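Engineer: Handing you a structure now.
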Amino acid sequence: VDDIRLEDVMKPKIESPEDAIVRITTTSICGSDLHIRHGNLGLEPGTIIGHEFTGIVEEVGSAVTMVKPGQRVLGAAGAACGNCSACKSGFGLDCEQPLIYGCGPIFGNLQGAQAEYVRAPRANSSLFLIPEGLSEEQVLFVGDILATGYMGVRGITPGGRGVQPGSTVAIFGAGPVGLCAVAAARLFGPARIISIDMVESRLQMAKNLGADHIIDASQENPVEGIMNLTKGQGANFVIEAVGSPKTFGDSLFSLAREGSLSIIGVFQQSVKLPIHTLMKRNIEIKVGLTKMTYTQELFALIQAGKLDLTPLITHRFPLSDVLDAYDMFEKKADGAIKVILNP
Ligand code: NAD
Ligand code: ZN
Ligand code: ZN
């Protein structure tokens with residue numbers, strides 16, 4: 001496909017004993033959906049997009065024990081097999097056979113969640129009961145962007161070196177993913193958080209979510225800005241949440257000695273690593289895909305009132321207006337950050 005349309009399709013059916021059918025209550029548009037819209041993942045015509053959702057379980061296959069019809073669930077963006085070596089060590093979508101909703105043939109050709117119903121495969125590990133007292137909108141991002149931002153802040157791998165108390169954290173990108181990282185970084189007691197973007201309204205949102213300083217990269221060289229704020233030392237922990245060669249380079253050169261760079265932006269191309277100038281600085285670079293390792297931890301933080309990403313929701317549309325919703329999201333019109341669709 002190289003563009004989207006809205007149409008009536010058949011309701012999905014259980015295809016394997018591990019499947020569940022979920023009636024969608026909220027779903028959203030992710031930045032990754034824009035790449036898909038423009039044909040970058042080679043989806044077949046007729047594929048439904050969308051991989052962030054909450055819903056009510058409607059029907060389960062005979063092997064599904066973790067959720068029951070009638071229960072409110074959060075869907076993970078994808079589902080790992082649970083059996084390969086990556087799964088057994090907690091590496092989630094590094095799985096040998098990863099499935100991601102609405103992301104085409106490399107991710108199992110699943111139908112996505114921007115629909116009234118979705119078939120959730122591997123339902124025992126891909127659906128999570130929404131804790132009582134939490135709304136759908138409060139937990140929706142735990143399935144993708146918040147899981148990603150939090151993973152970045154925790155240092156990508158289970159047991160990785162994450163944001164340390166007293167440190168300086170710089171976060172490139174104040175899109176939905178970067179903003180989740182700002183809010184999550186705040187939980188680990190850094191001395192300061194610097195958010196870098198080029199859209200004024202997003203930088204303001206970063207401030208509201210806990211950034212101490214903002215840098216508008218369309219007005220100022222962000223590496224110089226970070227060096228000025230840190231008396232020439234650089235940031236101890238840098239998160240790349242854009243996925244461009246430019247921000248990759250800026251991220252590297254913003255690092256302090258012994259610094260860590262955590263890459264969560266998705267890159268469409270290779271980038272240059274000027275290793276000869278970085279060698280003496282003892283830096284670490286980690287990159288990873290979303291994992292659901294932290295789901296229960298994130299639910300607990302949201303329940304305790306320590307993490308609230310609902311301010312990212314700038315617009316809500318009925319599913320019938322999905323084409324307008326995509327246009328608004330893509331143009332970042334009217335300060336759009338996160339756009340929710342309600343079937
Ligand atoms: P987005 O496009 O809304 O956000 C990117 C932000 O970067 C924008 O606000 C843009 O203004 C800013 N930006 C662009 N160029 C810049 C520059 N030179 N300097 C500073 N800021 C710049 O996207 P998003 O939804 O926030 O997602 C961010 C990235 O995370 C995407 O690449 C997305 O595919 C990726 N992602 C990764 C995972 C994962 O598993 N690692 C999961 C979800 C999303
Ligand atoms: Zn996504
Ligand atoms: Zn696996």
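Just remember, in the structure tokens the first chain shown is A, the second B, etc., residues are 1-based per chain, and ligands are 1-based in the order shown.
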Write out as a ChimeraX atom specification all residues of stretch 35-234 of chain A that DSSP puts in helix (DSSP H, G or I) for this structure's backbone.
Structural biologist: /A:35-37,85-88,92-94,105-107,123-126,136-143,145-153,176-188,200-208,222-229
Engineer: Kindly provide, as an NGL selection string, all nucleotide and amino acid residues lying within 12 Å of ligand 3, counting only C-alpha atoms and all ligand atoms.
Structural biologist: :A and (78-99 or 122 or 125 or 291)
Engineer: Give me, as a Markdown table, each residue of chain A that comes within 10 Å of ligand 2, together with its shortest interatomic pair and the distance in Å at one decimal, counting only C-alpha atoms and all ligand atoms, with rows ordered by chain and rising residue number.
Structural biologist:
```
| residue | atom | partner | partner_atom_place_in_ligand_line | distance |
| --- | --- | --- | --- | --- |
| A:Ser28 | CA | ligand 2 | 1 (Zn) | 9.1 |
| A:Ile29 | CA | ligand 2 | 1 (Zn) | 7.8 |
| A:Cys30 | CA | ligand 2 | 1 (Zn) | 4.6 |
| A:Gly31 | CA | ligand 2 | 1 (Zn) | 6.2 |
| A:Ser32 | CA | ligand 2 | 1 (Zn) | 5.2 |
| A:Asp33 | CA | ligand 2 | 1 (Zn) | 7.0 |
| A:Leu34 | CA | ligand 2 | 1 (Zn) | 9.8 |
| A:Gly50 | CA | ligand 2 | 1 (Zn) | 7.9 |
| A:His51 | CA | ligand 2 | 1 (Zn) | 6.3 |
| A:Glu52 | CA | ligand 2 | 1 (Zn) | 6.9 |
| A:Ala77 | CA | ligand 2 | 1 (Zn) | 7.0 |
| A:Gly78 | CA | ligand 2 | 1 (Zn) | 9.8 |
| A:Ile100 | CA | ligand 2 | 1 (Zn) | 9.5 |
| A:Tyr101 | CA | ligand 2 | 1 (Zn) | 9.6 |
| A:Cys103 | CA | ligand 2 | 1 (Zn) | 9.6 |
| A:Phe141 | CA | ligand 2 | 1 (Zn) | 9.3 |
| A:Gly143 | CA | ligand 2 | 1 (Zn) | 8.7 |
| A:Asp144 | CA | ligand 2 | 1 (Zn) | 5.5 |
| A:Ile145 | CA | ligand 2 | 1 (Zn) | 6.1 |
| A:Leu146 | CA | ligand 2 | 1 (Zn) | 9.8 |
| A:Thr148 | CA | ligand 2 | 1 (Zn) | 8.8 |
| A:Pro176 | CA | ligand 2 | 1 (Zn) | 9.7 |
| A:Val177 | CA | ligand 2 | 1 (Zn) | 8.8 |
| A:Thr290 | CA | ligand 2 | 1 (Zn) | 8.9 |
```
Engineer: Using DSSP secondary structure from the backbone, list all strand (DSSP E) positions within stretch 143-212 of chain A, as a list of chain:residue names.
Structural biologist: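 Residues meeting the strand (DSSP E) criterion: A:Thr168, A:Val169, A:Ala170, A:Ile171, A:Phe172, A:Arg192, A:Ile193, A:Ile194, A:Ser195, A:Ile196, A:Asp197.
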Engineer: List as a list in words the protein and nucleic acid residues near A:Gly259, meaning an atom at most 6 Å away when only C-alpha atoms are counted, but skip any in the same chain fewer than 2 places from it.
Structural biologist: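 Once the adjacent positions are removed, what remains is Asn236, Phe237, Leu255, Ala256, Arg257 and Ile283 of chain A.
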Engineer: Residues as selected, all heavy atoms, written as a compact mmCIF listing (two decimals), in the first residue's frame, can you do that?
Structural biologist:
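Contents of the output file again_29.txt:
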```txt
# COMPACT_ATOMS: atom_id res chain seq x y z
N ASN A 236 25.34 12.84 30.70
CA ASN A 236 25.74 11.49 31.11
C ASN A 236 24.91 10.42 30.42
O ASN A 236 25.38 9.31 30.20
CB ASN A 236 25.57 11.32 32.63
CG ASN A 236 26.21 12.44 33.40
OD1 ASN A 236 25.53 13.35 33.87
ND2 ASN A 236 27.52 12.42 33.48
N PHE A 237 23.68 10.79 30.11
CA PHE A 237 22.77 9.81 29.51
C PHE A 237 22.01 10.50 28.40
O PHE A 237 21.36 11.52 28.63
CB PHE A 237 21.80 9.29 30.58
CG PHE A 237 21.15 7.99 30.23
CD1 PHE A 237 21.69 6.79 30.66
CD2 PHE A 237 20.00 7.95 29.45
CE1 PHE A 237 21.09 5.57 30.33
CE2 PHE A 237 19.40 6.75 29.12
CZ PHE A 237 19.94 5.55 29.56
N LEU A 255 27.48 13.52 24.40
CA LEU A 255 27.76 12.62 25.53
C LEU A 255 28.95 13.09 26.36
O LEU A 255 29.98 13.50 25.82
CB LEU A 255 28.12 11.22 25.01
CG LEU A 255 26.98 10.29 24.61
CD1 LEU A 255 27.57 9.05 23.94
CD2 LEU A 255 26.15 9.90 25.82
N ALA A 256 28.81 12.97 27.67
CA ALA A 256 29.94 13.20 28.58
C ALA A 256 30.85 11.98 28.55
O ALA A 256 30.47 10.92 28.04
CB ALA A 256 29.41 13.41 29.99
N ARG A 257 32.04 12.12 29.11
CA ARG A 257 32.93 10.97 29.29
C ARG A 257 32.18 9.88 30.08
O ARG A 257 31.42 10.21 30.98
CB ARG A 257 34.16 11.42 30.09
CG ARG A 257 35.44 10.92 29.51
CD ARG A 257 36.64 11.52 30.24
NE ARG A 257 36.94 12.85 29.75
CZ ARG A 257 36.90 13.96 30.50
NH1 ARG A 257 36.58 13.90 31.77
NH2 ARG A 257 37.20 15.11 29.96
N ILE A 283 32.51 5.52 25.97
CA ILE A 283 31.05 5.61 25.93
C ILE A 283 30.41 4.25 25.64
O ILE A 283 31.08 3.33 25.18
CB ILE A 283 30.57 6.63 24.88
CG1 ILE A 283 31.10 6.22 23.50
CG2 ILE A 283 31.00 8.03 25.26
CD1 ILE A 283 30.33 6.80 22.37
```
Engineer: Give me, as a compact mmCIF listing (two decimals) with C-alpha atoms, in the first residue's frame, the set of residues whose atoms come within 7 Å of any atom of ligand 1, counting only C-alpha atoms and all ligand atoms.
Structural biologist:
```txt
# COMPACT_ATOMS: atom_id res chain seq x y z
CA CYS A 30 1.79 5.85 16.09
CA GLY A 31 4.64 7.59 14.25
CA SER A 32 5.51 4.18 12.81
CA ASP A 144 4.07 0.71 22.76
CA ILE A 145 5.40 4.27 23.17
CA THR A 148 9.71 2.17 24.50
CA PHE A 172 16.55 14.07 21.34
CA GLY A 173 13.01 14.19 19.99
CA ALA A 174 9.91 15.40 21.83
CA GLY A 175 7.49 13.36 19.77
CA PRO A 176 5.25 10.94 21.67
CA VAL A 177 8.15 8.52 22.27
CA GLY A 178 10.65 11.18 23.41
CA ILE A 196 15.58 18.79 22.18
CA ASP A 197 13.11 19.18 19.31
CA MET A 198 12.16 21.69 16.63
CA VAL A 199 8.45 22.08 17.39
CA ARG A 202 6.21 19.74 21.79
CA ALA A 217 17.24 22.64 17.31
CA ALA A 241 14.10 9.19 20.04
CA VAL A 242 14.04 10.49 16.46
CA GLY A 243 15.83 8.00 14.20
CA SER A 244 17.80 10.37 11.92
CA LYS A 246 21.53 14.15 12.23
CA THR A 247 20.20 13.40 15.70
CA ILE A 264 15.02 4.05 20.62
CA GLY A 265 14.36 5.95 17.37
CA VAL A 266 13.85 3.70 14.36
CA PHE A 267 16.36 4.30 11.54
CA GLY A 288 16.63 -1.99 21.10
CA LEU A 289 13.05 -2.68 20.11
CA THR A 290 10.12 -2.33 22.49
CA ILE A 337 0.88 14.93 19.58
```
Engineer: Separation of atom CA of A:Glu220 and atom CA of A:Asp250, in Å?
Structural biologist: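 Between atom CA of A:Glu220 and atom CA of A:Asp250 the gap is 12.2 Å.
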Engineer: Go through A:Asp8, A:Glu59, A:Glu330, A:Asp321 and flag the residue nearest A:His35, using only C-alpha atoms for the distances.
Structural biologist: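 Nearest to A:His35: A:Glu330.
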Engineer: Between A:Ile56, A:Gly104, A:Ser254, A:Tyr150, which has the minimum distance to A:Asn221 (counting only C-alpha atoms)?
Structural biologist: A:Ser254
Engineer: Taking 5 positions as the minimum chain separation for residues in the same chain, which residues sit within 9 Å of A:Ala183 when counting only C-alpha atoms? Answer as a count of residues only.
Structural biologist: 10
Engineer: Would you list the contacts of A:Ala333 as a list in words, taking every protein, DNA or RNA residue within 12 Å and counting only C-alpha atoms, but skipping same-chain residues closer than 3 positions in sequence?
Structural biologist: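 Returned residues: Val199, Ser201, Arg202, Thr314, His315, Asp324, Ala325, Tyr326, Asp327, Met328, Phe329, Glu330, Ala336, Ile337, Lys338 and Val339 of chain A.
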Engineer: What does the file look like for those residues with N, CA and C atoms, as a short mmCIF file (atom, residue, chain, number, x, y, z; two decimals), in the first residue's frame?
Structural biologist:
```cif
data_model
loop_
_atom_site.label_atom_id
_atom_site.label_comp_id
_atom_site.auth_asym_id
_atom_site.auth_seq_id
_atom_site.Cartn_x
_atom_site.Cartn_y
_atom_site.Cartn_z
N VAL A 199 9.85 21.64 17.38
CA VAL A 199 8.45 22.08 17.39
C VAL A 199 8.15 22.65 18.77
N SER A 201 5.46 23.61 20.41
CA SER A 201 4.41 23.06 21.28
C SER A 201 4.87 21.75 21.93
N ARG A 202 5.70 21.00 21.22
CA ARG A 202 6.21 19.74 21.79
C ARG A 202 7.22 20.02 22.89
N THR A 314 -3.88 14.84 22.45
CA THR A 314 -4.35 16.18 22.07
C THR A 314 -5.66 16.11 21.29
N HIS A 315 -5.95 14.97 20.68
CA HIS A 315 -7.16 14.89 19.85
C HIS A 315 -7.78 13.50 19.93
N ASP A 324 -9.13 11.80 8.42
CA ASP A 324 -8.83 13.15 8.92
C ASP A 324 -7.81 13.08 10.06
N ALA A 325 -7.98 12.06 10.90
CA ALA A 325 -7.07 11.90 12.04
C ALA A 325 -5.63 11.70 11.55
N TYR A 326 -5.45 10.87 10.53
CA TYR A 326 -4.10 10.65 9.98
C TYR A 326 -3.51 11.94 9.44
N ASP A 327 -4.34 12.71 8.70
CA ASP A 327 -3.82 13.95 8.12
C ASP A 327 -3.39 14.92 9.21
N MET A 328 -4.19 15.04 10.24
CA MET A 328 -3.85 15.95 11.33
C MET A 328 -2.56 15.50 12.02
N PHE A 329 -2.46 14.20 12.28
CA PHE A 329 -1.29 13.65 12.98
C PHE A 329 -0.03 13.86 12.13
N GLU A 330 -0.16 13.58 10.85
CA GLU A 330 1.02 13.66 9.99
C GLU A 330 1.52 15.10 9.85
N ALA A 336 -0.98 18.73 17.31
CA ALA A 336 -1.26 17.30 17.52
C ALA A 336 -0.02 16.55 18.03
N ILE A 337 -0.19 15.80 19.09
CA ILE A 337 0.88 14.93 19.58
C ILE A 337 0.40 13.49 19.50
N LYS A 338 -0.66 13.16 20.23
CA LYS A 338 -1.18 11.81 20.15
C LYS A 338 -2.66 11.89 19.80
N VAL A 339 -3.05 11.13 18.80
CA VAL A 339 -4.41 11.16 18.30
C VAL A 339 -5.06 9.81 18.59
#
```
Engineer: Using only C-alpha atoms, find each residue in stretch 251-319 of chain A having at least one atom no more than 12 Å away from stretch 62-76 of chain A; report its shortest atom-to-atom pair and that distance in Å (one decimal), rows by chain then rising number, as a Markdown table.
Structural biologist:
```
| residue | atom | partner | partner_atom | distance |
| --- | --- | --- | --- | --- |
| A:Thr290 | CA | A:Ala76 | CA | 9.6 |
| A:Lys291 | CA | A:Ala76 | CA | 8.7 |
| A:Met292 | CA | A:Ala76 | CA | 7.1 |
| A:Thr293 | CA | A:Ala76 | CA | 10.8 |
| A:Tyr294 | CA | A:Ala76 | CA | 11.4 |
| A:Thr295 | CA | A:Ala76 | CA | 9.1 |
| A:Gln296 | CA | A:Leu74 | CA | 11.5 |
| A:Phe299 | CA | A:Leu74 | CA | 10.7 |
```
Engineer: Keeping only N, CA, C and O atoms, write the selected residues to a file as a compact mmCIF listing (two decimals), in the first residue's frame.
Structural biologist:
```
# COMPACT_ATOMS: atom_id res chain seq x y z
N THR A 290 11.05 -2.25 21.36
CA THR A 290 10.12 -2.33 22.49
C THR A 290 10.01 -3.73 23.09
O THR A 290 9.97 -4.71 22.36
N LYS A 291 9.94 -3.80 24.38
CA LYS A 291 9.64 -5.07 25.04
C LYS A 291 8.61 -4.84 26.14
O LYS A 291 8.46 -3.71 26.63
N MET A 292 7.92 -5.89 26.52
CA MET A 292 6.85 -5.73 27.51
C MET A 292 7.33 -6.09 28.92
O MET A 292 6.53 -6.27 29.83
N THR A 293 8.64 -6.18 29.10
CA THR A 293 9.24 -6.53 30.38
C THR A 293 8.71 -5.69 31.54
O THR A 293 8.64 -6.16 32.67
N TYR A 294 8.38 -4.43 31.26
CA TYR A 294 8.08 -3.51 32.35
C TYR A 294 6.59 -3.22 32.53
O TYR A 294 6.23 -2.28 33.23
N THR A 295 5.73 -4.03 31.90
CA THR A 295 4.30 -3.72 31.92
C THR A 295 3.74 -3.54 33.33
O THR A 295 3.09 -2.53 33.63
N GLN A 296 4.00 -4.51 34.20
CA GLN A 296 3.41 -4.43 35.55
C GLN A 296 4.02 -3.27 36.34
O GLN A 296 3.33 -2.60 37.11
N PHE A 299 2.25 -0.19 35.11
CA PHE A 299 0.90 -0.10 35.69
C PHE A 299 0.99 0.43 37.12
O PHE A 299 0.21 1.28 37.53
```
Engineer: Can you pull out every residue within 7 Å of A:Val153, counting only C-alpha atoms, but drop anything in the same chain fewer than 5 positions away, and send it as a PyMOL selection string?
Structural biologist: chain A and resi 162-163+181+184-185
Engineer: Can I get the selection written as a compact mmCIF listing (two decimals), in the first residue's frame, with all heavy atoms?
Structural biologist:
```txt
# COMPACT_ATOMS: atom_id res chain seq x y z
N GLY A 162 20.82 2.36 33.45
CA GLY A 162 19.84 3.37 33.06
C GLY A 162 20.21 4.74 33.58
O GLY A 162 21.35 4.99 33.96
N VAL A 163 19.22 5.64 33.59
CA VAL A 163 19.41 7.00 34.11
C VAL A 163 19.77 6.92 35.60
O VAL A 163 19.10 6.23 36.37
CB VAL A 163 18.12 7.82 33.92
CG1 VAL A 163 18.16 9.11 34.72
CG2 VAL A 163 17.88 8.10 32.43
N ALA A 181 9.79 9.30 27.28
CA ALA A 181 11.11 9.15 27.90
C ALA A 181 11.37 10.28 28.90
O ALA A 181 11.94 10.04 29.98
CB ALA A 181 12.19 9.12 26.82
N ALA A 184 9.44 9.45 32.03
CA ALA A 184 10.02 8.28 32.70
C ALA A 184 11.37 8.61 33.34
O ALA A 184 11.68 8.17 34.45
CB ALA A 184 10.18 7.14 31.70
N ALA A 185 12.17 9.45 32.66
CA ALA A 185 13.50 9.79 33.18
C ALA A 185 13.38 10.49 34.53
O ALA A 185 14.17 10.26 35.45
CB ALA A 185 14.24 10.69 32.19
```
Engineer: Any idea what the distance is between atom CA of A:Val182 and atom CA of A:Leu203?
Structural biologist: 10.7 Å
Engineer: My list of candidates is A:Pro245, A:Arg161, A:Phe128, A:Arg281. Which is closest to A:Gln269 when distances are computed with only C-alpha atoms?
Structural biologist: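 Nearest candidate to A:Gln269 out of A:Pro245, A:Arg161, A:Phe128, A:Arg281: A:Pro245.
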Engineer: Name all residues at most 12 Å from A:Asn228 (count only C-alpha atoms; drop same-chain ones fewer than 5 positions away) and give them as a PyMOL selection string.
Structural biologist: chain A and resi 194+213+215+220-223+233-235+254
Engineer: Rank A:Leu140, A:Met151, A:Leu319, A:Leu229 by their smallest atom-to-atom distance to A:Ile302, using only C-alpha atoms, and report the top residue only.
Structural biologist: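 Closest residue, counting only C-alpha atoms: A:Leu140.
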Engineer: Could you check the closest approach to A:Phe317 for each of A:Lys231, A:Asn342, A:Gln303, A:Gly55 and tell me which residue wins, using only C-alpha atoms?
Structural biologist: A:Asn342
Engineer: Could you tell me which of A:Pro318, A:Gly42, A:Gly61, A:Pro311 comes closest to A:Lys207 if we count only C-alpha atoms?
Structural biologist: A:Pro311
